[in-house]
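As structure tokens, the structure follows; a few thoughts come after it.
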Amino acid sequence: MNRLASLLLLSIVLVGCASEPAREISPTAEGFVGFPPAVVTERLGDPVFFAALTAQPPAEQMRMAQLQVASTLFCREYFAAYRDWLITGLPPDDVTFIRPKYPEPGFEDFALSWEALAEDAITSNDPAVVHDQLLALGGCVDVIADPATGPATIGEILSGQSIS
Amino acid sequence: MKNRFVGAALAAVGIMFVAGAAAYGATGDGSFSATCDPASYGFSTDGKTYQHSAKGTVSIKQKSTNPVLTSSVKAISQNGNSLPVVNVSDGQTATWANVLPGQYKVYARSSSSVNCNGWLPGNGNYTFNYSITY
């Protein structure tokens with residue numbers, strides 16, 4: 001009887017380990033604490049991004065969502081820093097990748113790698129290096145520069161396809 | 001500022017280590033089932049993650065398909081940023097230059113609606129065999 005109970009308990013544990021619980025991906029989820037709510041809502045409301053998000057395994061979705069929000073904020077700050085550099089002639093300070101209160105595993109590595117890329121570009125003392133970074137694929141190029149002023153992306157603005 | 005710089009330098013060392021481990025220009029192979037009905041279904045992936053460690057080129061070759069057709073392929077990074085869709089046939093390679101570092105997964109589906117299902121209902125799926133250089 002004890003053996004039967006042990007086997008039953010073991011099977012419950014194994015089933016529990018095998019299936020990843022679905023995480024809540026909504027603007028009020030705990031994983032988004034520390035981010036501006038408006039940007040969380042904006043990104044989760046993007047149908048293209050949300051389709052990519054929901055195509056991921058449930059265990060990976062919160063990390064992707066956190067990184068999407070944080071990288072959007074980072075790209076906007078990086079783009080603003082680049083524009084200031086062109087106007088003032090002075091290299092910007094470091095651009096920070098905002099961390100949520102409860103970062104998912106892998107978040108920090110990604111944040112550090114993007115901060116390092118920006119730091120390298122800024123310390124090159126050449127705005128063209130930042131310009132190139134902002135146009136790199138898989139990065140800031142498709143980020144809407146300022147949703148309050150229109151849908152133009154950073155890439156479109158830098159390519160002269162849109163005035164913002 | 002100085003401490004920040006040291007932190008960034010350490011991070012850069014970490015990236016170099018990862019790059020060495022992952023071997024810049026590394027290759028991988030995969031295969032998965034994808035839809036022949038792009039009007040009704042989205043992209044599929046095998047879920048494999050490829051660590052693109054330094055900004056540069058990523059390419060995906062459609063090695064073969066069954067049944068033979070033209071695919072729409074793309075890659076999506078861990079933060080959800082997507083490389084633009086490129087259509088490729090068997091033996092052709094989609095290449096993206098100037099790609100930021102990140103962990104990317106390969107996605108594909110038929111580029112147009114094709115009946116891969118014979119007399120069965122619906123258009124069904126096909127097998128997408130690929131290799132990736134990252």
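In the structure tokens, chains take letters A, B, ... by order of appearance, with residues numbered from 1 within each chain and ligands from 1 in the order shown.
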
| Residue list for chain A near chain B as a ChimeraX atom specification, 8 Å, only C-alpha atoms | /A:49,52-53,56,63-68,71,110,112-113,115-116,119,133,136-139,142

| Which residues, written as a count of residues only, have at least one atom at most 12 Å from Phe74 in chain A, with only C-alpha atoms counted and residues fewer than 2 positions away on the same chain left out? | 33

| task | Using DSSP on the backbone coordinates, identify the residues of range 101-138 of chain A assigned to alpha helix (DSSP H); present them as a ChimeraX atom specification. | result | /A:107-123,127-134

| message | Between A:Leu44, A:Ile122, A:Val130, A:Ile154, which residue has the minimum interatomic distance to Gln61 in chain A, considering only C-alpha atoms? | response |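 Checking each of A:Leu44, A:Ile122, A:Val130, A:Ile154 against Gln61 in chain A, counting only C-alpha atoms, the winner is A:Leu44.
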
| task | Tell me which protein, DNA and RNA residues are within 9 Å of Ser33 in chain B, counting only C-alpha atoms, leaving out same-chain ones fewer than 6 positions away, and put them as a PyMOL selection string. | result | chain B and resi 44-46+108-109+125-129

Deliver the residues from the most recent selection as a file, using C-alpha atoms, as a PDB file, in the first residue's frame.
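Printed below is result_6.pdb as written:
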```
ATOM      1  CA  SER B  44       5.757  26.896 -37.655  1.00  0.00           C
ATOM      2  CA  THR B  45       9.072  26.275 -35.945  1.00  0.00           C
ATOM      3  CA  ASP B  46      10.975  23.320 -34.594  1.00  0.00           C
ATOM      4  CA  ALA B 108       8.521  28.655 -42.161  1.00  0.00           C
ATOM      5  CA  ARG B 109       5.314  28.021 -44.032  1.00  0.00           C
ATOM      6  CA  ASN B 125       1.287  20.240 -44.124  1.00  0.00           C
ATOM      7  CA  TYR B 126       4.692  19.717 -45.680  1.00  0.00           C
ATOM      8  CA  THR B 127       8.137  18.883 -44.326  1.00  0.00           C
ATOM      9  CA  PHE B 128      10.647  21.719 -44.297  1.00  0.00           C
ATOM     10  CA  ASN B 129      14.304  20.687 -44.113  1.00  0.00           C
TER      11      ASN B 129
END
```

| Which one is closest to Pro37 in chain A: A:Asp93, A:Glu24, A:Pro100, A:Tyr82? Count only C-alpha atoms. | A:Pro100

| task | Give me, please, the distance in Å between CA of Asp84 in chain A and CA of Leu135 in chain A, quoted to one decimal. | result |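 Separation of CA of Asp84 in chain A and CA of Leu135 in chain A: 17.3 Å.
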
| message | For the strand (DSSP E or B) assignment from backbone DSSP, which residues of chain B qualify? Please present them as an MDAnalysis selection string. | response | chainID B and resid 27:35 44:45 50:52 56:66 71:77 82 86:88 93:99 102:110 125:133

| Shell of 9 Å around Asn123 in chain B, only C-alpha atoms, local chain residues under 5 positions omitted, as a list in words |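 Selected residues are Thr35, Cys36, Asp37, Ser113, Val114, Asn115, Cys116, Asn117 and Gly118 of chain B.
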
Limited to N, CA and C atoms, could you put the picked residues into a file as a PDB file, in the first residue's frame?
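The resulting file, result-v3.pdb, is reproduced below:
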```pdb
ATOM      1  N   THR B  35       2.654  24.490 -42.458  1.00  0.00           N
ATOM      2  CA  THR B  35       1.379  24.488 -43.175  1.00  0.00           C
ATOM      3  C   THR B  35       1.539  24.758 -44.669  1.00  0.00           C
ATOM      4  N   CYS B  36       0.657  24.133 -45.439  1.00  0.00           N
ATOM      5  CA  CYS B  36       0.564  24.415 -46.875  1.00  0.00           C
ATOM      6  C   CYS B  36      -0.550  25.415 -47.150  1.00  0.00           C
ATOM      7  N   ASP B  37      -1.145  25.928 -46.077  1.00  0.00           N
ATOM      8  CA  ASP B  37      -2.290  26.835 -46.190  1.00  0.00           C
ATOM      9  C   ASP B  37      -1.996  28.143 -45.450  1.00  0.00           C
ATOM     10  N   SER B 113      -0.887  28.994 -51.107  1.00  0.00           N
ATOM     11  CA  SER B 113      -1.736  27.844 -50.796  1.00  0.00           C
ATOM     12  C   SER B 113      -1.467  26.720 -51.795  1.00  0.00           C
ATOM     13  N   VAL B 114      -1.118  25.569 -51.256  1.00  0.00           N
ATOM     14  CA  VAL B 114      -0.802  24.395 -52.073  1.00  0.00           C
ATOM     15  C   VAL B 114      -1.541  23.207 -51.469  1.00  0.00           C
ATOM     16  N   ASN B 115      -2.098  22.363 -52.306  1.00  0.00           N
ATOM     17  CA  ASN B 115      -2.747  21.163 -51.780  1.00  0.00           C
ATOM     18  C   ASN B 115      -1.694  20.098 -51.517  1.00  0.00           C
ATOM     19  N   CYS B 116      -1.314  19.958 -50.267  1.00  0.00           N
ATOM     20  CA  CYS B 116      -0.317  18.958 -49.879  1.00  0.00           C
ATOM     21  C   CYS B 116      -1.014  17.714 -49.327  1.00  0.00           C
ATOM     22  N   ASN B 117      -2.325  17.663 -49.455  1.00  0.00           N
ATOM     23  CA  ASN B 117      -3.118  16.670 -48.729  1.00  0.00           C
ATOM     24  C   ASN B 117      -3.840  15.696 -49.641  1.00  0.00           C
ATOM     25  N   GLY B 118      -3.546  15.774 -50.958  1.00  0.00           N
ATOM     26  CA  GLY B 118      -4.223  14.865 -51.882  1.00  0.00           C
ATOM     27  C   GLY B 118      -5.733  15.031 -51.830  1.00  0.00           C
TER      28      GLY B 118
END
```

| query | A:Phe32, A:Asn125, A:Arg83, A:Pro47: which is nearest Ile157 in chain A, counting only C-alpha atoms? | reply |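 Nearest to Ile157 in chain A: A:Arg83.
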
| said: So that I can check the surroundings of Ser64 in chain B, please list as a list in words every protein, DNA and RNA residue that reaches within 10 Å of it, counting only C-alpha atoms and ignoring chain neighbours fewer than 2 positions away. | reply: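 Within the cut-off, the hits are Ser31, Lys61, Gln62, Asn66, Pro67, Val68, Leu69, Thr70, Ser89, Asp90, Gly91, Gln92, Thr127, Phe128, Asn129, Tyr130 and Ser131 of chain B.
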
Resulting file, chosen residues, C-alpha atoms, as a short mmCIF file (atom, residue, chain, number, x, y, z; two decimals), in the first residue's frame:
```
data_model
loop_
_atom_site.label_atom_id
_atom_site.label_comp_id
_atom_site.auth_asym_id
_atom_site.auth_seq_id
_atom_site.Cartn_x
_atom_site.Cartn_y
_atom_site.Cartn_z
CA SER B 31 13.35 19.78 -39.98
CA LYS B 61 18.90 27.38 -46.66
CA GLN B 62 15.87 25.36 -47.69
CA ASN B 66 8.15 17.25 -49.12
CA PRO B 67 6.11 17.87 -51.15
CA VAL B 68 8.35 20.26 -53.05
CA LEU B 69 7.23 23.88 -52.74
CA THR B 70 8.44 27.41 -52.11
CA SER B 89 12.75 27.18 -53.00
CA ASP B 90 14.74 23.98 -52.57
CA GLY B 91 18.46 24.73 -52.67
CA GLN B 92 17.99 28.45 -52.22
CA THR B 127 8.14 18.88 -44.33
CA PHE B 128 10.65 21.72 -44.30
CA ASN B 129 14.30 20.69 -44.11
CA TYR B 130 16.78 23.49 -43.56
CA SER B 131 20.28 24.43 -42.56
#
```
